[in-house]
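File shown: start-v9.cif (mmCIF, C-alpha atoms).
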```cif
data_model
#
loop_
_atom_site.group_PDB
_atom_site.id
_atom_site.type_symbol
_atom_site.label_atom_id
_atom_site.label_comp_id
_atom_site.auth_asym_id
_atom_site.auth_seq_id
_atom_site.Cartn_x
_atom_site.Cartn_y
_atom_site.Cartn_z
ATOM 1 C CA MET A 30 99.910 -68.980 -6.968
ATOM 2 C CA THR A 31 98.303 -71.688 -9.013
ATOM 3 C CA ARG A 32 99.849 -73.906 -11.602
ATOM 4 C CA ARG A 33 98.712 -73.053 -15.126
ATOM 5 C CA ASP A 34 98.246 -76.121 -17.357
ATOM 6 C CA ASP A 35 98.833 -74.082 -20.496
ATOM 7 C CA ALA A 36 102.303 -72.924 -19.412
ATOM 8 C CA PRO A 37 105.354 -74.217 -21.312
ATOM 9 C CA ARG A 38 107.112 -77.146 -19.593
ATOM 10 C CA PRO A 39 110.674 -78.478 -19.646
ATOM 11 C CA ASP A 40 109.577 -82.065 -20.347
ATOM 12 C CA GLY A 41 111.275 -83.338 -23.455
ATOM 13 C CA ALA A 42 114.356 -81.118 -23.172
ATOM 14 C CA THR A 43 117.383 -83.365 -23.788
ATOM 15 C CA THR A 44 120.053 -80.679 -24.045
ATOM 16 C CA ALA A 45 120.937 -77.535 -22.149
ATOM 17 C CA ALA A 46 120.070 -75.494 -25.237
ATOM 18 C CA GLU A 47 116.593 -77.063 -25.417
ATOM 19 C CA TYR A 48 116.091 -76.402 -21.715
ATOM 20 C CA VAL A 49 117.043 -72.733 -22.127
ATOM 21 C CA ALA A 50 114.754 -72.505 -25.171
ATOM 22 C CA ALA A 51 111.903 -73.792 -22.991
ATOM 23 C CA LEU A 52 112.721 -71.114 -20.402
ATOM 24 C CA ARG A 53 112.610 -68.459 -23.137
ATOM 25 C CA GLU A 54 109.220 -69.781 -24.216
ATOM 26 C CA LEU A 55 108.042 -69.591 -20.590
ATOM 27 C CA ARG A 56 109.215 -65.976 -20.344
ATOM 28 C CA GLU A 57 107.388 -65.100 -23.571
ATOM 29 C CA TRP A 58 104.263 -66.915 -22.377
ATOM 30 C CA SER A 59 104.221 -64.790 -19.235
ATOM 31 C CA ALA A 60 103.991 -61.620 -21.393
ATOM 32 C CA LEU A 61 106.243 -59.895 -18.820
ATOM 33 C CA THR A 62 109.300 -57.768 -19.507
ATOM 34 C CA TYR A 63 112.616 -58.447 -17.778
ATOM 35 C CA ARG A 64 112.028 -55.531 -15.410
ATOM 36 C CA GLN A 65 108.571 -56.841 -14.515
ATOM 37 C CA LEU A 66 109.986 -60.318 -13.898
ATOM 38 C CA ALA A 67 112.650 -58.841 -11.623
ATOM 39 C CA ALA A 68 109.999 -56.945 -9.644
ATOM 40 C CA LYS A 69 107.767 -60.008 -9.274
ATOM 41 C CA ALA A 70 110.702 -62.134 -8.186
ATOM 42 C CA GLU A 71 111.665 -59.572 -5.537
ATOM 43 C CA ALA A 72 108.075 -59.484 -4.277
ATOM 44 C CA SER A 73 108.191 -63.258 -3.740
ATOM 45 C CA GLY A 74 111.552 -63.164 -1.957
ATOM 46 C CA HIS A 75 113.778 -64.110 -4.897
ATOM 47 C CA VAL A 76 116.559 -62.255 -6.690
ATOM 48 C CA LEU A 77 116.302 -62.065 -10.479
ATOM 49 C CA PRO A 78 118.201 -59.091 -11.970
ATOM 50 C CA ALA A 79 116.923 -58.201 -15.445
ATOM 51 C CA SER A 80 120.399 -58.252 -16.978
ATOM 52 C CA THR A 81 121.216 -61.635 -15.433
ATOM 53 C CA VAL A 82 118.109 -63.412 -16.692
ATOM 54 C CA ALA A 83 118.490 -61.862 -20.147
ATOM 55 C CA ALA A 84 122.064 -63.127 -20.374
ATOM 56 C CA ALA A 85 121.118 -66.580 -19.086
ATOM 57 C CA LEU A 86 118.315 -66.927 -21.632
ATOM 58 C CA GLY A 87 120.714 -65.934 -24.387
ATOM 59 C CA ARG A 88 123.200 -68.736 -23.723
ATOM 60 C CA GLY A 89 123.044 -72.434 -24.502
ATOM 61 C CA THR A 90 124.298 -73.559 -21.080
ATOM 62 C CA LEU A 91 122.225 -74.440 -18.030
ATOM 63 C CA PRO A 92 121.300 -71.456 -15.812
ATOM 64 C CA ARG A 93 121.850 -71.656 -12.068
ATOM 65 C CA ALA A 94 119.153 -73.489 -10.133
ATOM 66 C CA ASP A 95 118.260 -70.422 -8.047
ATOM 67 C CA LEU A 96 117.781 -68.380 -11.214
ATOM 68 C CA VAL A 97 115.476 -71.041 -12.696
ATOM 69 C CA GLU A 98 113.399 -71.166 -9.520
ATOM 70 C CA ALA A 99 113.075 -67.378 -9.343
ATOM 71 C CA LEU A 100 112.091 -67.165 -13.019
ATOM 72 C CA VAL A 101 109.415 -69.862 -12.754
ATOM 73 C CA PHE A 102 107.815 -68.162 -9.747
ATOM 74 C CA ALA A 103 108.052 -64.731 -11.395
ATOM 75 C CA CYS A 104 106.219 -66.100 -14.446
ATOM 76 C CA GLY A 105 103.268 -66.915 -12.192
ATOM 77 C CA LEU A 106 103.701 -70.648 -11.617
ATOM 78 C CA ASP A 107 103.625 -72.502 -8.311
ATOM 79 C CA ALA A 108 106.004 -74.632 -6.255
ATOM 80 C CA ASP A 109 105.091 -77.869 -8.052
ATOM 81 C CA ALA A 110 105.937 -76.349 -11.415
ATOM 82 C CA ALA A 111 109.197 -74.936 -10.054
ATOM 83 C CA ALA A 112 110.134 -78.368 -8.695
ATOM 84 C CA ARG A 113 109.556 -79.921 -12.112
ATOM 85 C CA TRP A 114 111.775 -77.341 -13.829
ATOM 86 C CA LEU A 115 114.504 -77.906 -11.224
ATOM 87 C CA THR A 116 114.275 -81.708 -11.549
ATOM 88 C CA VAL A 117 114.788 -81.563 -15.304
ATOM 89 C CA ARG A 118 117.704 -79.158 -14.821
ATOM 90 C CA GLU A 119 119.289 -81.479 -12.238
ATOM 91 C CA ASP A 120 118.917 -84.462 -14.597
ATOM 92 C CA LEU A 121 120.619 -82.558 -17.404
ATOM 93 C CA ALA A 122 123.421 -81.334 -15.143
ATOM 94 C CA ALA A 123 124.038 -84.846 -13.838
ATOM 95 C CA GLY A 124 124.107 -86.351 -17.311
ATOM 96 C CA ARG A 125 121.010 -88.464 -16.714
ATOM 97 C CA VAL A 126 119.625 -87.101 -19.996
ATOM 98 C CA SER A 127 121.637 -87.539 -23.186
ATOM 99 C CA GLU A 128 122.991 -84.151 -24.159
ATOM 100 C CA GLN A 129 124.505 -82.944 -27.442
ATOM 101 C CA PRO A 130 126.665 -79.833 -27.908
ATOM 102 C CA ALA A 131 124.617 -76.863 -29.002
ATOM 103 C CA THR A 132 125.314 -73.544 -30.627
ATOM 104 C CA PRO A 133 124.661 -70.699 -28.194
ATOM 105 C CA ALA A 134 121.504 -68.736 -28.943
ATOM 106 C CA PRO A 135 121.691 -64.999 -29.663
ATOM 107 C CA THR A 136 121.866 -62.881 -26.547
ATOM 108 C CA GLU A 137 118.665 -61.032 -25.728
ATOM 109 C CA VAL A 138 119.012 -57.459 -24.557
ATOM 110 C CA PRO A 139 117.048 -56.484 -21.448
ATOM 111 C CA ASP A 140 114.804 -53.475 -21.619
ATOM 112 C CA ALA A 141 116.378 -50.435 -20.022
ATOM 113 C CA ALA A 142 113.769 -47.729 -20.293
ATOM 114 C CA THR A 143 113.104 -45.649 -17.199
ATOM 115 C CA PRO A 144 109.778 -46.108 -15.388
ATOM 116 C CA LEU A 145 106.829 -44.167 -16.740
ATOM 117 C CA PRO A 146 105.817 -41.031 -14.823
ATOM 118 C CA PHE A 147 102.725 -41.259 -12.664
ATOM 119 C CA ARG A 148 99.816 -38.979 -13.459
ATOM 120 C CA ARG A 149 96.697 -39.620 -11.416
ATOM 121 C CA ARG A 150 94.249 -37.214 -13.012
ATOM 122 C CA ARG A 151 95.153 -37.250 -16.690
ATOM 123 C CA ARG A 152 95.738 -40.724 -18.027
ATOM 124 C CA ARG A 153 97.471 -41.127 -21.346
ATOM 125 C CA LEU A 154 99.250 -43.983 -23.038
ATOM 126 C CA ILE A 155 102.931 -43.542 -23.809
ATOM 127 C CA PRO A 156 103.720 -44.214 -27.496
ATOM 128 C CA ILE A 157 105.706 -47.421 -27.758
ATOM 129 C CA ALA A 158 108.293 -48.826 -30.097
ATOM 130 C CA ILE A 159 107.850 -52.264 -31.589
ATOM 131 C CA GLY A 160 110.756 -54.651 -31.247
ATOM 132 C CA VAL A 161 111.309 -58.379 -31.226
ATOM 133 C CA ALA A 162 108.840 -60.629 -33.093
ATOM 134 C CA GLY A 163 108.351 -64.063 -31.558
ATOM 135 C CA LEU A 164 106.214 -67.132 -31.993
ATOM 136 C CA LEU A 165 104.204 -68.110 -28.913
ATOM 137 C CA ILE A 166 102.074 -71.163 -28.300
ATOM 138 C CA ALA A 167 99.741 -70.702 -25.344
ATOM 139 C CA ILE A 168 96.199 -71.350 -24.255
ATOM 140 C CA GLY A 169 95.501 -73.437 -27.333
ATOM 141 C CA VAL A 170 96.202 -70.535 -29.693
ATOM 142 C CA ILE A 171 99.112 -70.297 -32.143
ATOM 143 C CA GLY A 172 99.946 -66.773 -33.246
ATOM 144 C CA ALA A 173 102.644 -64.224 -33.832
ATOM 145 C CA VAL A 174 103.129 -61.996 -30.809
ATOM 146 C CA ARG A 175 105.082 -58.758 -30.973
ATOM 147 C CA TYR A 176 106.831 -57.329 -27.958
ATOM 148 C CA ALA A 177 108.350 -53.951 -27.294
ATOM 149 C CA THR A 178 111.976 -53.866 -26.188
ATOM 150 C CA ASP A 179 111.824 -50.465 -24.523
ATOM 151 C CA ASP A 180 109.077 -50.534 -21.888
ATOM 152 C CA GLY A 181 107.397 -53.907 -22.324
ATOM 153 C CA ASP A 182 103.947 -52.656 -23.306
ATOM 154 C CA GLY A 183 104.028 -54.410 -26.702
ATOM 155 C CA ASP A 184 102.019 -53.345 -29.713
ATOM 156 C CA GLU A 185 98.655 -52.706 -28.130
ATOM 157 C CA ASN A 186 96.918 -52.435 -31.508
ATOM 158 C CA ALA A 187 98.412 -55.641 -32.953
ATOM 159 C CA VAL A 188 95.977 -58.296 -34.167
ATOM 160 C CA PHE A 189 96.095 -61.614 -32.307
ATOM 161 C CA PRO A 190 94.089 -64.763 -32.996
ATOM 162 C CA ASN A 191 91.897 -64.213 -29.942
ATOM 163 C CA ARG A 192 88.303 -65.067 -29.329
ATOM 164 C CA LEU A 193 87.568 -61.385 -28.689
ATOM 165 C CA SER A 194 88.432 -58.516 -30.995
ATOM 166 C CA ASP A 195 89.728 -55.177 -29.734
ATOM 167 C CA GLY A 196 86.817 -52.857 -29.071
ATOM 168 C CA PHE A 197 84.216 -51.559 -26.632
ATOM 169 C CA TYR A 198 82.307 -54.033 -24.446
ATOM 170 C CA LEU A 199 79.809 -54.299 -21.633
ATOM 171 C CA ILE A 200 81.087 -56.716 -18.978
ATOM 172 C CA LYS A 201 78.114 -58.446 -17.323
ATOM 173 C CA PRO A 202 78.496 -60.771 -14.319
ATOM 174 C CA THR A 203 76.391 -63.856 -14.977
ATOM 175 C CA HIS A 204 74.980 -64.131 -11.440
ATOM 176 C CA ILE A 205 72.716 -61.178 -12.258
ATOM 177 C CA ALA A 206 69.831 -63.166 -13.737
ATOM 178 C CA ASP A 207 68.314 -60.362 -15.801
ATOM 179 C CA GLY A 208 71.678 -59.109 -17.064
ATOM 180 C CA SER A 209 70.920 -55.583 -15.911
ATOM 181 C CA LEU A 210 74.227 -54.902 -14.104
ATOM 182 C CA CYS A 211 77.659 -54.324 -15.641
ATOM 183 C CA LEU A 212 81.124 -53.529 -14.348
ATOM 184 C CA GLY A 213 81.641 -49.784 -14.174
ATOM 185 C CA GLU A 214 83.015 -47.023 -11.957
ATOM 186 C CA GLY A 215 81.994 -46.517 -8.364
ATOM 187 C CA ARG A 216 83.344 -45.997 -4.852
ATOM 188 C CA GLU A 217 83.926 -48.225 -1.846
ATOM 189 C CA ARG A 218 80.664 -48.723 -0.005
ATOM 190 C CA ASN A 219 82.373 -48.446 3.391
ATOM 191 C CA GLY A 220 83.661 -44.969 2.510
ATOM 192 C CA ARG A 221 87.255 -45.932 3.287
ATOM 193 C CA THR A 222 88.447 -44.040 0.200
ATOM 194 C CA ASP A 223 86.910 -41.832 -2.466
ATOM 195 C CA ARG A 224 88.953 -43.183 -5.356
ATOM 196 C CA PRO A 225 87.347 -44.758 -8.440
ATOM 197 C CA ILE A 226 87.109 -48.543 -8.319
ATOM 198 C CA VAL A 227 85.296 -51.268 -10.282
ATOM 199 C CA VAL A 228 81.761 -51.992 -9.059
ATOM 200 C CA GLN A 229 78.447 -53.383 -10.271
ATOM 201 C CA ARG A 230 76.188 -50.702 -11.682
ATOM 202 C CA PRO A 231 73.225 -50.575 -14.082
ATOM 203 C CA CYS A 232 74.234 -51.295 -17.670
ATOM 204 C CA ASP A 233 71.930 -48.528 -18.887
ATOM 205 C CA GLY A 234 74.252 -45.521 -19.065
ATOM 206 C CA VAL A 235 77.194 -47.311 -17.454
ATOM 207 C CA VAL A 236 80.410 -45.259 -17.320
ATOM 208 C CA PRO A 237 83.211 -45.181 -18.224
ATOM 209 C CA ASP A 238 83.392 -46.793 -21.658
ATOM 210 C CA THR A 239 85.235 -50.126 -21.411
ATOM 211 C CA TYR A 240 87.694 -51.026 -24.181
ATOM 212 C CA LEU A 241 89.641 -54.296 -24.576
ATOM 213 C CA VAL A 242 93.080 -54.311 -26.205
ATOM 214 C CA ALA A 243 94.877 -57.609 -26.894
ATOM 215 C CA VAL A 244 98.535 -57.674 -25.810
ATOM 216 C CA ALA A 245 99.136 -61.453 -26.086
ATOM 217 C CA PRO A 246 96.990 -64.452 -27.032
ATOM 218 C CA ASP A 247 93.832 -64.169 -24.887
ATOM 219 C CA VAL A 248 95.557 -61.548 -22.687
ATOM 220 C CA TYR A 249 94.116 -58.030 -22.654
ATOM 221 C CA LEU A 250 94.367 -54.595 -21.180
ATOM 222 C CA ILE A 251 90.961 -53.427 -19.942
ATOM 223 C CA LYS A 252 90.862 -49.694 -20.601
ATOM 224 C CA TRP A 253 88.412 -47.163 -19.266
ATOM 225 C CA ARG A 254 87.702 -43.992 -21.214
ATOM 226 C CA ASN A 255 86.577 -41.420 -18.694
ATOM 227 C CA PRO A 256 85.227 -38.079 -19.987
ATOM 228 C CA VAL A 257 87.116 -36.246 -17.219
ATOM 229 C CA ASP A 258 90.285 -38.258 -16.560
ATOM 230 C CA GLY A 259 90.888 -39.633 -20.054
ATOM 231 C CA VAL A 260 92.032 -43.204 -20.728
ATOM 232 C CA GLY A 261 93.466 -45.488 -18.056
ATOM 233 C CA CYS A 262 93.911 -49.219 -17.468
ATOM 234 C CA LEU A 263 92.239 -51.330 -14.817
ATOM 235 C CA ARG A 264 94.692 -52.980 -12.452
ATOM 236 C CA VAL A 265 94.713 -54.970 -9.240
ATOM 237 C CA ASP A 266 95.574 -52.725 -6.300
ATOM 238 C CA ASP A 267 99.318 -52.645 -5.563
ATOM 239 C CA ALA A 268 99.896 -55.865 -7.564
ATOM 240 C CA ILE A 269 98.595 -57.808 -4.556
ATOM 241 C CA MET A 270 98.979 -61.566 -5.053
ATOM 242 C CA VAL A 271 96.303 -62.808 -2.645
ATOM 243 C CA PRO A 272 92.483 -62.661 -2.627
ATOM 244 C CA GLY A 273 90.743 -59.505 -1.450
ATOM 245 C CA ALA A 274 92.334 -56.803 -3.610
ATOM 246 C CA LEU A 275 90.083 -54.302 -5.343
ATOM 247 C CA LEU A 276 90.497 -53.004 -8.899
ATOM 248 C CA GLY A 277 90.799 -49.437 -10.106
ATOM 249 C CA PRO A 278 92.018 -47.378 -13.065
ATOM 250 C CA GLU A 279 95.539 -45.959 -13.305
ATOM 251 C CA ASP A 280 97.913 -44.816 -16.036
ATOM 252 C CA CYS A 281 98.604 -47.665 -18.443
ATOM 253 C CA ALA A 282 102.112 -49.069 -17.921
ATOM 254 C CA GLY A 283 101.910 -52.606 -19.322
ATOM 255 C CA SER A 284 102.422 -54.177 -15.881
ATOM 256 C CA ALA A 285 101.348 -57.753 -15.214
ATOM 257 C CA HIS A 286 98.720 -56.668 -12.671
ATOM 258 C CA GLU A 287 96.916 -54.687 -15.372
ATOM 259 C CA ARG A 288 96.892 -57.576 -17.848
ATOM 260 C CA PHE A 289 94.012 -60.034 -17.764
ATOM 261 C CA LEU A 290 93.688 -63.502 -19.201
ATOM 262 C CA ILE A 291 90.140 -63.547 -20.574
ATOM 263 C CA GLU A 292 89.482 -67.264 -20.437
ATOM 264 C CA PRO A 293 86.430 -68.840 -22.142
ATOM 265 C CA VAL A 294 84.450 -71.192 -19.898
ATOM 266 C CA ASP A 295 81.208 -71.506 -21.869
ATOM 267 C CA PRO A 296 79.991 -70.094 -25.199
ATOM 268 C CA GLY A 297 80.052 -66.321 -24.754
ATOM 269 C CA VAL A 298 81.074 -66.602 -21.085
ATOM 270 C CA PHE A 299 84.550 -65.814 -19.741
ATOM 271 C CA ARG A 300 86.641 -65.647 -16.589
ATOM 272 C CA LEU A 301 88.888 -62.615 -15.969
ATOM 273 C CA ARG A 302 92.237 -63.665 -14.475
ATOM 274 C CA PRO A 303 94.959 -61.152 -13.554
ATOM 275 C CA VAL A 304 98.195 -62.333 -15.168
ATOM 276 C CA HIS A 305 100.355 -61.511 -12.143
ATOM 277 C CA SER A 306 98.406 -63.686 -9.681
ATOM 278 C CA GLY A 307 96.497 -66.295 -11.691
ATOM 279 C CA LEU A 308 93.466 -65.676 -9.453
ATOM 280 C CA CYS A 309 89.990 -64.705 -10.689
ATOM 281 C CA ILE A 310 87.905 -61.542 -10.648
ATOM 282 C CA GLY A 311 84.561 -61.826 -8.888
ATOM 283 C CA ILE A 312 82.164 -59.764 -6.816
ATOM 284 C CA LEU A 313 82.786 -58.984 -3.140
ATOM 285 C CA GLY A 314 80.150 -61.032 -1.351
ATOM 286 C CA GLY A 315 80.036 -63.760 -3.971
ATOM 287 C CA PRO A 316 77.178 -64.905 -6.215
ATOM 288 C CA HIS A 317 74.506 -63.793 -3.730
ATOM 289 C CA GLU A 318 75.643 -60.152 -3.962
ATOM 290 C CA THR A 319 73.265 -58.689 -6.542
ATOM 291 C CA THR A 320 73.117 -55.097 -5.325
ATOM 292 C CA VAL A 321 74.243 -52.016 -7.193
ATOM 293 C CA LYS A 322 77.673 -50.688 -6.094
ATOM 294 C CA ALA A 323 79.010 -54.084 -4.972
ATOM 295 C CA GLU A 324 82.777 -54.048 -5.534
ATOM 296 C CA ALA A 325 84.682 -56.269 -7.970
ATOM 297 C CA VAL A 326 87.506 -58.082 -6.205
ATOM 298 C CA GLN A 327 90.400 -60.471 -6.858
ATOM 299 C CA ALA A 328 89.444 -63.870 -5.447
ATOM 300 C CA ALA A 329 90.412 -67.529 -5.447
ATOM 301 C CA CYS A 330 88.915 -69.151 -8.545
ATOM 302 C CA SER A 331 85.754 -70.989 -7.524
ATOM 303 C CA GLY A 332 83.732 -71.270 -10.727
ATOM 304 C CA THR A 333 80.784 -69.437 -9.176
ATOM 305 C CA ALA A 334 78.558 -67.258 -11.352
ATOM 306 C CA ASP A 335 79.939 -63.993 -9.956
ATOM 307 C CA GLN A 336 83.324 -64.980 -11.473
ATOM 308 C CA ARG A 337 81.831 -65.578 -14.915
ATOM 309 C CA PHE A 338 81.148 -62.704 -17.285
ATOM 310 C CA ARG A 339 79.370 -62.123 -20.571
ATOM 311 C CA LEU A 340 81.242 -59.671 -22.786
ATOM 312 C CA ILE A 341 78.801 -57.850 -25.033
ATOM 313 C CA PRO A 342 80.285 -55.796 -27.921
ATOM 314 C CA VAL A 343 79.171 -52.161 -28.041
ATOM 315 C CA LYS A 344 78.865 -50.559 -31.460
ATOM 316 C CA GLY A 345 78.708 -46.947 -32.548
ATOM 317 C CA LYS A 346 81.216 -45.450 -30.112
ATOM 318 C CA GLU A 347 84.066 -43.246 -31.280
ATOM 319 C CA PRO A 348 87.157 -45.498 -31.237
ATOM 320 C CA LEU A 349 90.209 -44.737 -29.161
ATOM 321 C CA SER A 350 92.663 -42.570 -31.017
ATOM 322 C CA PRO A 351 96.251 -43.776 -31.659
ATOM 323 C CA GLY A 352 98.331 -43.506 -28.504
ATOM 324 C CA GLN A 353 95.401 -43.739 -26.082
#
```

Could you take the file, read its structure, and then write that structure out as C-alpha cells?
Amino acid sequence: MTRRDDAPRPDGATTAAEYVAALRELREWSALTYRQLAAKAEASGHVLPASTVAAALGRGTLPRADLVEALVFACGLDADAAARWLTVREDLAAGRVSEQPATPAPTEVPDAATPLPFRRRRRRLIPIAIGVAGLLIAIGVIGAVRYATDDGDGDENAVFPNRLSDGFYLIKPTHIADGSLCLGEGRERNGRTDRPIVVQRPCDGVVPDTYLVAVAPDVYLIKWRNPVDGVGCLRVDDAIMVPGALLGPEDCAGSAHERFLIEPVDPGVFRLRPVHSGLCIGILGGPHETTVKAEAVQAACSGTADQRFRLIPVKGKEPLSPGQ
C-alpha cells in the first residue's frame, strides 16, 4: 500500500476528542463502510469489528493502539502513516500534548444490512437509502458528501464538486498515439477463462457503454451497460491488493475494489486508482502494448502513458434509469 498525501492526518490534535475526530475524518475520506473496513482489516491480518470501530469513533477518549493501526491500514494507508497515527496517540496518552476535557461525540451506528445477493448474469443496482450527511475535505476538493447507513453504497446520483460529471464516457489510454483504442469488453488472450474483462478495443462501436457515477469527491463507480447482462460495476478481481489483477464487471455492491479515484495528472488526462489498493490501472505489457485485446490490469503506479487516460464525454445516449 502507498501513502496518500491527501489523506487526513493526526498532526495538530491536542486532545483525545480531536484525535478521534481526525480518525472519523479518515474513515469518511476512505469512502468505506464499517463492514468494508472490517473486511479490509481482516485481509491484512488485523481485527477491526464494525461495531467496535463505530463505538470507538463515537467516543471522545483515545481508542486502543491496535484499533488505530488496523483502521489506518484498512483505510488504505501504509506503515509510515500508521506509525505517525500511533506516535500522536502515544504522545496524547502520555500527556506529552496538552489535553483538555472534551464532550463525547455522538455515537455512530454501524451499518447492519445483510450482504447483497450475487447475480452473475443479470446485474441490477439495489435501491439505497440515504443517511448521514458529512463534510469531507479530500484531494483538494471541499464538498458535502452523503453516505448511506444501510449498505454503504451512498447516493450514487448525488452531485459532487468533481472535475468530471456523471455520464457516459470513452476511456482512451494515452499511449495509443492516434486515440483509436478505448477500454471495453473482451476476453483473456491466453484463453484461461471466458469471462468478460476490461481490454483495449477499437473506440468505433466499443461496447459496453461506460458510465461514471460519483460516490465521493473524485471517486467514481465505473458502470458498464451491457445489452445482454444489464448494468454492472467494474472491479478489481477478488479485491487483490497487489499488481497483476485484472478487471471485470460484477453486480454493483459499493465495495472499495469497485471504486476508483479518477486523479487528474494533466489537462484532460487522468489516472484510475482503485480505492482499496491505491495502485494504478494500466495495460498488461505496459506502454509498448498497442494491440487490440490487450488486458487492463492493476499495476504499481509508474506514470507511464498506458496508465494515463483521456475521458471523452459521449452525448446522445439514453441515460441510466433510476436504480441502475

- Task: For atom CA of Gln327 of chain A and atom CA of Pro348 of chain A, determine how far apart the two atoms are, in Å to one decimal place.
- Result: 28.8 Å

- Message: Using only C-alpha atoms, can you tell me which of A:Arg113, A:Lys201, A:Arg38, A:Lys346 comes closest to Arg254 of chain A?
- Response: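 Checking each candidate against Arg254 of chain A, we get A:Lys346 as the closest.
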
- Best match for closeness to Lys322 of chain A among A:Val227, A:Leu193, A:Val126, A:Ala60, counting only C-alpha atoms: A:Val227

Can you report as AutoDock Vina command-line options the centre and edge lengths in Å, to one decimal, of an axis-aligned box around the listed atoms of segment 34-48 of chain A padded with 4 Å on each side?
```
--center_x 109.6 --center_y -78.1 --center_z -21.4 --size_x 30.7 --size_y 18.4 --size_z 16.1
```

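For Lys252 of chain A, the list of residues within 7 Å, based on all atoms listed in the file and with local chain neighbours fewer than 6 positions off taken out, reads Thr239, Tyr240, Leu241, Val260, Gly261, Cys262 and Leu263 of chain A.
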
- Query: Looking at A:Leu61, A:Val265, A:Val76, A:Ile200, which one is nearest to Ile341 of chain A, with distances taken over all atoms listed in the file?
  - Reply: A:Ile200
